[in-house]
Amino acid sequence: MVAAHPDHARAHAAFQNAVRHGHTGIAAHSLAELYAVLTRLPLLPRISPADARELVNRNIYARSISIVALDAHDYKTTIDHLAAEYLEGGIVYDALIAACACRWKADTLFTLNAADFNRLPKALRPFEVRTP
């Protein structure tokens, strides 16, 4: 969404390709993370809250991208898998994204953070993890 980001060109190309083929979903809680990141990027001028909302609206909602939410059982199961593998800390947030991908029955998850997703137990990543 931000052309100044060093990975924008390749991420944007992968996103556009997925949208074109109707294969795009986003974890519901990632919308909040997206807003937080957009409003805190070290850019001058900064992205205002109103502009961040517009970027989310234009790039997610206006494209009818599937928003995938978890239920209480999904959270419990995700934490159970992490604890069984002795995974701790912030990886829980990647695991929740992976749980959304599982719920959506995704075959591929695109991320700029493949290493953390590849650390997850296979039960949380039955899909391919790819970097655009």
# chains A, B, ... in the order shown; residues from 1 in each chain; ligands from 1
call {"tool": "select_by_dssp", "arguments": {"residues": "range 17-84 of chain A", "states": "strand (DSSP E or B)", "output": "short mmCIF file (atom, residue, chain, number, x, y, z; two decimals) with C-alpha atoms, in the first residue's frame"}}
result
data_model
loop_
_atom_site.label_atom_id
_atom_site.label_comp_id
_atom_site.auth_asym_id
_atom_site.auth_seq_id
_atom_site.Cartn_x
_atom_site.Cartn_y
_atom_site.Cartn_z
CA GLY A 25 -8.09 -13.34 2.35
CA ILE A 26 -6.89 -11.42 5.38
CA ALA A 27 -7.00 -12.32 9.05
CA SER A 66 -12.39 -12.15 2.40
CA ILE A 67 -11.91 -11.25 6.04
CA VAL A 68 -11.30 -14.39 8.08
#
call {"tool": "residues_around", "arguments": {"residues": "Val129 in chain A", "least_positions_apart": "2", "cutoff": "8 Å", "atoms": "only C-alpha atoms", "output": "ChimeraX atom specification"}}
result
/A:108-111,114,117-118,125,127,131
call {"tool": "closest_residue", "arguments": {"among": "A:Val56, A:Ala9, A:Leu70, A:Ala84", "to": "Trp104 in chain A", "atoms": "only C-alpha atoms"}}
result
A:Leu70
call {"tool": "closest_residue", "arguments": {"among": "A:Cys102, A:Asp7, A:Thr24, A:Ile91", "to": "Ala115 in chain A", "atoms": "only C-alpha atoms"}}
result
A:Ile91
call {"tool": "closest_residue", "arguments": {"among": "A:His81, A:Pro49, A:Val19, A:Tyr93", "to": "Ala62 in chain A", "atoms": "only C-alpha atoms"}}
result
A:Val19
call {"tool": "closest_residue", "arguments": {"among": "A:Leu44, A:Ala28, A:Ile97, A:Ala83", "to": "Ile60 in chain A", "atoms": "only C-alpha atoms"}}
result
A:Ala28
call {"tool": "closest_residue", "arguments": {"among": "A:Pro132, A:Pro121, A:Glu88, A:Arg103", "to": "Phe15 in chain A", "atoms": "only C-alpha atoms"}}
result
A:Pro132
call {"tool": "closest_residue", "arguments": {"among": "A:Cys100, A:Ala106, A:Leu124, A:Ala14", "to": "Ile79 in chain A", "atoms": "only C-alpha atoms"}}
result
A:Leu124
call {"tool": "decode", "arguments": {"residues": "range 59-101 of chain A", "atoms": "N, CA and C atoms", "output": "mmCIF file, in the first residue's frame"}}
result
data_model
loop_
_atom_site.group_PDB
_atom_site.id
_atom_site.type_symbol
_atom_site.label_atom_id
_atom_site.label_comp_id
_atom_site.auth_asym_id
_atom_site.auth_seq_id
_atom_site.Cartn_x
_atom_site.Cartn_y
_atom_site.Cartn_z
ATOM 1 N N ASN A 59 -7.945 -0.689 -0.349
ATOM 2 C CA ASN A 59 -7.184 -1.883 -0.712
ATOM 3 C C ASN A 59 -7.764 -3.193 -0.185
ATOM 4 N N ILE A 60 -8.614 -3.119 0.814
ATOM 5 C CA ILE A 60 -9.196 -4.340 1.375
ATOM 6 C C ILE A 60 -10.705 -4.370 1.134
ATOM 7 N N TYR A 61 -11.417 -3.460 1.748
ATOM 8 C CA TYR A 61 -12.885 -3.498 1.683
ATOM 9 C C TYR A 61 -13.429 -3.264 0.277
ATOM 10 N N ALA A 62 -12.875 -2.323 -0.446
ATOM 11 C CA ALA A 62 -13.389 -2.016 -1.787
ATOM 12 C C ALA A 62 -13.139 -3.158 -2.773
ATOM 13 N N ARG A 63 -12.214 -4.042 -2.457
ATOM 14 C CA ARG A 63 -11.902 -5.166 -3.342
ATOM 15 C C ARG A 63 -12.632 -6.442 -2.926
ATOM 16 N N SER A 64 -13.479 -6.340 -1.943
ATOM 17 C CA SER A 64 -14.229 -7.498 -1.453
ATOM 18 C C SER A 64 -13.325 -8.667 -1.076
ATOM 19 N N ILE A 65 -12.220 -8.361 -0.438
ATOM 20 C CA ILE A 65 -11.299 -9.389 0.036
ATOM 21 C C ILE A 65 -11.928 -10.079 1.238
ATOM 22 N N SER A 66 -11.821 -11.391 1.283
ATOM 23 C CA SER A 66 -12.387 -12.154 2.398
ATOM 24 C C SER A 66 -11.672 -11.800 3.691
ATOM 25 N N ILE A 67 -12.454 -11.528 4.715
ATOM 26 C CA ILE A 67 -11.912 -11.250 6.040
ATOM 27 C C ILE A 67 -12.221 -12.476 6.890
ATOM 28 N N VAL A 68 -11.173 -13.109 7.395
ATOM 29 C CA VAL A 68 -11.299 -14.390 8.082
ATOM 30 C C VAL A 68 -11.110 -14.186 9.584
ATOM 31 N N ALA A 69 -12.134 -14.531 10.348
ATOM 32 C CA ALA A 69 -12.095 -14.371 11.802
ATOM 33 C C ALA A 69 -12.016 -15.738 12.475
ATOM 34 N N LEU A 70 -11.452 -15.737 13.652
ATOM 35 C CA LEU A 70 -11.347 -16.947 14.457
ATOM 36 C C LEU A 70 -12.418 -16.943 15.540
ATOM 37 N N ASP A 71 -12.740 -18.129 16.041
ATOM 38 C CA ASP A 71 -13.636 -18.208 17.192
ATOM 39 C C ASP A 71 -12.810 -18.617 18.416
ATOM 40 N N ALA A 72 -13.446 -18.717 19.563
ATOM 41 C CA ALA A 72 -12.742 -19.022 20.805
ATOM 42 C C ALA A 72 -12.004 -20.357 20.722
ATOM 43 N N HIS A 73 -12.598 -21.342 20.086
ATOM 44 C CA HIS A 73 -11.961 -22.655 19.949
ATOM 45 C C HIS A 73 -10.671 -22.553 19.121
ATOM 46 N N ASP A 74 -10.690 -21.734 18.073
ATOM 47 C CA ASP A 74 -9.486 -21.551 17.242
ATOM 48 C C ASP A 74 -8.335 -20.968 18.066
ATOM 49 N N TYR A 75 -8.636 -20.006 18.946
ATOM 50 C CA TYR A 75 -7.593 -19.418 19.790
ATOM 51 C C TYR A 75 -7.010 -20.476 20.728
ATOM 52 N N LYS A 76 -7.882 -21.261 21.354
ATOM 53 C CA LYS A 76 -7.421 -22.310 22.266
ATOM 54 C C LYS A 76 -6.546 -23.314 21.525
ATOM 55 N N THR A 77 -7.006 -23.777 20.386
ATOM 56 C CA THR A 77 -6.259 -24.768 19.605
ATOM 57 C C THR A 77 -4.898 -24.215 19.179
ATOM 58 N N THR A 78 -4.875 -22.960 18.753
ATOM 59 C CA THR A 78 -3.611 -22.340 18.328
ATOM 60 C C THR A 78 -2.628 -22.290 19.492
ATOM 61 N N ILE A 79 -3.085 -21.857 20.656
ATOM 62 C CA ILE A 79 -2.208 -21.790 21.828
ATOM 63 C C ILE A 79 -1.754 -23.190 22.238
ATOM 64 N N ASP A 80 -2.651 -24.175 22.157
ATOM 65 C CA ASP A 80 -2.272 -25.558 22.470
ATOM 66 C C ASP A 80 -1.134 -26.022 21.564
ATOM 67 N N HIS A 81 -1.233 -25.731 20.265
ATOM 68 C CA HIS A 81 -0.172 -26.137 19.320
ATOM 69 C C HIS A 81 1.152 -25.444 19.647
ATOM 70 N N LEU A 82 1.097 -24.177 19.971
ATOM 71 C CA LEU A 82 2.334 -23.449 20.295
ATOM 72 C C LEU A 82 2.973 -24.000 21.556
ATOM 73 N N ALA A 83 2.168 -24.227 22.579
ATOM 74 C CA ALA A 83 2.701 -24.739 23.848
ATOM 75 C C ALA A 83 3.320 -26.123 23.666
ATOM 76 N N ALA A 84 2.694 -26.959 22.857
ATOM 77 C CA ALA A 84 3.211 -28.308 22.614
ATOM 78 C C ALA A 84 4.588 -28.273 21.957
ATOM 79 N N GLU A 85 4.870 -27.219 21.199
ATOM 80 C CA GLU A 85 6.160 -27.068 20.508
ATOM 81 C C GLU A 85 7.109 -26.121 21.244
ATOM 82 N N TYR A 86 6.733 -25.683 22.445
ATOM 83 C CA TYR A 86 7.534 -24.756 23.241
ATOM 84 C C TYR A 86 7.814 -23.448 22.519
ATOM 85 N N LEU A 87 6.851 -23.004 21.717
ATOM 86 C CA LEU A 87 6.988 -21.719 21.023
ATOM 87 C C LEU A 87 6.360 -20.643 21.892
ATOM 88 N N GLU A 88 7.074 -19.524 22.049
ATOM 89 C CA GLU A 88 6.625 -18.498 22.983
ATOM 90 C C GLU A 88 6.717 -17.112 22.384
ATOM 91 N N GLY A 89 6.085 -16.179 23.045
ATOM 92 C CA GLY A 89 6.182 -14.773 22.683
ATOM 93 C C GLY A 89 5.371 -14.385 21.464
ATOM 94 N N GLY A 90 5.907 -13.450 20.709
ATOM 95 C CA GLY A 90 5.201 -12.827 19.600
ATOM 96 C C GLY A 90 4.835 -13.739 18.448
ATOM 97 N N ILE A 91 5.393 -14.946 18.408
ATOM 98 C CA ILE A 91 5.024 -15.860 17.322
ATOM 99 C C ILE A 91 3.542 -16.208 17.380
ATOM 100 N N VAL A 92 2.922 -15.960 18.530
ATOM 101 C CA VAL A 92 1.486 -16.228 18.633
ATOM 102 C C VAL A 92 0.700 -15.433 17.595
ATOM 103 N N TYR A 93 1.160 -14.243 17.257
ATOM 104 C CA TYR A 93 0.437 -13.416 16.282
ATOM 105 C C TYR A 93 0.550 -14.006 14.870
ATOM 106 N N ASP A 94 1.719 -14.535 14.532
ATOM 107 C CA ASP A 94 1.862 -15.226 13.248
ATOM 108 C C ASP A 94 1.024 -16.503 13.256
ATOM 109 N N ALA A 95 0.980 -17.191 14.392
ATOM 110 C CA ALA A 95 0.189 -18.414 14.503
ATOM 111 C C ALA A 95 -1.294 -18.124 14.309
ATOM 112 N N LEU A 96 -1.763 -16.992 14.793
ATOM 113 C CA LEU A 96 -3.177 -16.632 14.603
ATOM 114 C C LEU A 96 -3.473 -16.336 13.137
ATOM 115 N N ILE A 97 -2.526 -15.718 12.451
ATOM 116 C CA ILE A 97 -2.694 -15.505 11.003
ATOM 117 C C ILE A 97 -2.731 -16.863 10.304
ATOM 118 N N ALA A 98 -1.840 -17.754 10.711
ATOM 119 C CA ALA A 98 -1.830 -19.096 10.122
ATOM 120 C C ALA A 98 -3.150 -19.821 10.406
ATOM 121 N N ALA A 99 -3.687 -19.656 11.607
ATOM 122 C CA ALA A 99 -4.972 -20.288 11.938
ATOM 123 C C ALA A 99 -6.087 -19.754 11.041
ATOM 124 N N CYS A 100 -6.039 -18.460 10.732
ATOM 125 C CA CYS A 100 -7.022 -17.894 9.798
ATOM 126 C C CYS A 100 -6.847 -18.510 8.412
ATOM 127 N N ALA A 101 -5.602 -18.675 7.975
ATOM 128 C CA ALA A 101 -5.355 -19.300 6.673
ATOM 129 C C ALA A 101 -5.886 -20.733 6.662
#
